[in-house]
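Q: Quick one: structure below, then a few questions.
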Amino acid sequence: MIYEIHQKTAYTYAYPVPVARHVLRMVPVDRPRQRVIASHFSIDPDPVEWVETTDFFGNRVAHVRIERAHTRFVVRTNARVEVEAADHADPEAGPSWEAIREMAAACCDLSAGSPAHHLFPSPAAAQSPAITAWAAASFPAGRPMLAGALDLMMRLHGEFTYDPKATDVSTPPAESFAIKRGVCQDFAHVMIAGLRGLGLPASYVSGFLRTEPPPGQERLQGADATHAWVTVWCGPELGWQGLDPTNALRVSTDHVVLAIGRDYSDVAPVGGVLLGSGRQKLSVEVDVVPLAPKTTRSKTNG
């Protein structure tokens, strides 16, 4: 599946901002099952400094500095990305969750793809005894890791209400868990906190969802903005498996990965510091549209 992605993020400030530094993670990169055919992003107003790097987890990061008074900051991203279907493993296959816990705890690999980085509490995904106890119900003795993670995803989806007004970007997972409400970020953080509380590796993924559903299917929740989901490590053979608790889906061709990290703080699309005062307003527009397959015509010579 090939997608055309158009994304616009705009901040409007109550008073002029004379100086700002931003850290941007707004452009997808090549990953397993994902190939970036073309990409471009722009910033308004023009920065006096623009430095692009790749962070530890392989995310593309732009560091920009603006030294011109402005009341509006806009980032536009355009990309064409090819996504291959995931080879979904049998949930009953693979090691038990206890075996995964032991393997992850004994892991000495410190490369970016290692489960070792996703075992412990992180800034936006603190450990919670209540969440751990709740998650434990999905992992009875001997249950395969993937089967338990899928059960946890389905329980979270069934017990929580998608409510954009219930939380904000700084809400910790314990608070959203207490009210059983939130957005995709909260769903992902609660699931991650529950898995890590049991000693199981889980990472946070930000990205985009297909905004035009296939015929006969409903539009996915969270398709109009940057989305978030979870990957869980299921052992050396099954590797990292993507799960979307907001939509109760195993990740496949409907998801485009933007950035991967321990939690939202590692993958925030826009971060940084600005000099100013007063309120600010954020608006986000996202279109992820599949390209129609080209029609092949035969040509006869003569």
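Residues in the structure tokens are numbered from 1 in each chain, the chains being A, B, ... in the order shown, and ligands are numbered from 1 in the order shown.
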Per residue of region 156-235 of chain A within 10 Å of region 260-279 of chain A, record the nearest atom pair and its distance in Å to one decimal, counting only C-alpha atoms, with rows in chain order and ascending residue number, as a tab-separated table.
A:
```
residue	atom	partner	partner_atom	distance
A:Val169	CA	A:Tyr264	CA	8.7
A:Ser170	CA	A:Tyr264	CA	9.5
A:Gln185	CA	A:Tyr264	CA	7.4
A:Asp186	CA	A:Tyr264	CA	9.7
A:Ala188	CA	A:Asp263	CA	8.5
A:His189	CA	A:Asp263	CA	7.0
A:Ile192	CA	A:Asp263	CA	8.3
A:Ala193	CA	A:Asp263	CA	9.8
A:Pro201	CA	A:Arg262	CA	9.8
A:Ala202	CA	A:Arg262	CA	7.8
A:Ser203	CA	A:Arg262	CA	5.1
A:Tyr204	CA	A:Asp263	CA	4.9
A:Val205	CA	A:Ile260	CA	4.6
A:Ser206	CA	A:Ile260	CA	6.4
A:Gly207	CA	A:Ile260	CA	8.8
A:Thr226	CA	A:Pro269	CA	8.4
A:Ala228	CA	A:Tyr264	CA	8.6
A:Trp229	CA	A:Ile260	CA	9.8
A:Val230	CA	A:Ile260	CA	9.3
A:Thr231	CA	A:Ile260	CA	9.2
```
Q: Identify all residues of region 129-286 of chain A in strand (DSSP E or B) (DSSP on the backbone) and supply them as a PyMOL selection string.
A: chain A and resi 144+161-162+181-182+202-209+227-233+240-244+249-250+255-261+270-275+280-286
Q: Can you work out the spacing between CA of Glu92 (chain A) and CA of Leu150 (chain A) in Å, to one decimal?
A: 10.5 Å
Q: Can you list, as a ChimeraX atom specification, every protein, DNA or RNA residue that comes within 10 Å of region 52-56 of chain A when you count only C-alpha atoms, leaving out same-chain residues fewer than 4 positions away?
A: /A:23-25,29,60-64,111-113,259-261,266
Q: Which residue is closest to Arg181 (chain A)? Choose from A:Ala133, A:Val289, A:Met26, A:Ala166 and count only C-alpha atoms.
A: A:Ala166
Q: Would you give me, as a list in words, the residues in region 130-164 of chain A that DSSP reads as helix (DSSP H, G or I)?
A: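 Of region 130-164 of chain A, the ones in helix (DSSP H, G or I) are Ala130, Ile131, Thr132, Ala133, Trp134, Ala135, Ala136, Met145, Leu146, Ala147, Gly148, Ala149, Leu150, Asp151, Leu152, Met153, Met154, Arg155, Leu156, His157, Gly158 and Glu159 of chain A.
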Q: So that I have them on file, write out the residues from the current selection with C-alpha atoms, as a PDB file, in the first residue's frame.
A:
```pdb
ATOM      1  CA  ALA A 130      -3.084  -0.417  40.146  1.00  0.00           C
ATOM      2  CA  ILE A 131      -2.341  -0.691  36.421  1.00  0.00           C
ATOM      3  CA  THR A 132       0.041  -3.613  36.980  1.00  0.00           C
ATOM      4  CA  ALA A 133      -2.586  -5.522  38.979  1.00  0.00           C
ATOM      5  CA  TRP A 134      -5.191  -4.849  36.301  1.00  0.00           C
ATOM      6  CA  ALA A 135      -2.863  -5.969  33.485  1.00  0.00           C
ATOM      7  CA  ALA A 136      -1.940  -9.172  35.334  1.00  0.00           C
ATOM      8  CA  MET A 145       3.184 -13.606  25.374  1.00  0.00           C
ATOM      9  CA  LEU A 146       1.342 -12.449  22.248  1.00  0.00           C
ATOM     10  CA  ALA A 147      -1.959 -13.977  23.364  1.00  0.00           C
ATOM     11  CA  GLY A 148      -1.714 -12.140  26.676  1.00  0.00           C
ATOM     12  CA  ALA A 149      -0.837  -8.831  25.006  1.00  0.00           C
ATOM     13  CA  LEU A 150      -3.782  -9.147  22.619  1.00  0.00           C
ATOM     14  CA  ASP A 151      -6.118  -9.877  25.507  1.00  0.00           C
ATOM     15  CA  LEU A 152      -4.813  -6.819  27.357  1.00  0.00           C
ATOM     16  CA  MET A 153      -5.351  -4.684  24.260  1.00  0.00           C
ATOM     17  CA  MET A 154      -8.950  -5.883  23.878  1.00  0.00           C
ATOM     18  CA  ARG A 155      -9.734  -5.316  27.563  1.00  0.00           C
ATOM     19  CA  LEU A 156      -8.318  -1.795  27.423  1.00  0.00           C
ATOM     20  CA  HIS A 157     -10.338  -1.008  24.321  1.00  0.00           C
ATOM     21  CA  GLY A 158     -13.506  -2.410  25.881  1.00  0.00           C
ATOM     22  CA  GLU A 159     -13.184  -0.751  29.302  1.00  0.00           C
TER      23      GLU A 159
END
```
Q: Using only C-alpha atoms, which of the listed residues (A:Pro245, A:Pro173, A:Pro32, A:Gly142) sits closest to Arg101 (chain A)?
A: A:Gly142
Q: Which residue out of A:Ile37, A:Ala137, A:Leu198, A:Ile43 has the minimum interatomic distance to Glu102 (chain A) when only C-alpha atoms are used?
A: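 Nearest candidate to Glu102 (chain A) out of A:Ile37, A:Ala137, A:Leu198, A:Ile43: A:Leu198.
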Q: Find the residue from A:Asp87, A:Pro172, A:Arg143, A:Trp233 that sits nearest to Ala116 (chain A); use only C-alpha atoms when measuring.
A: A:Trp233
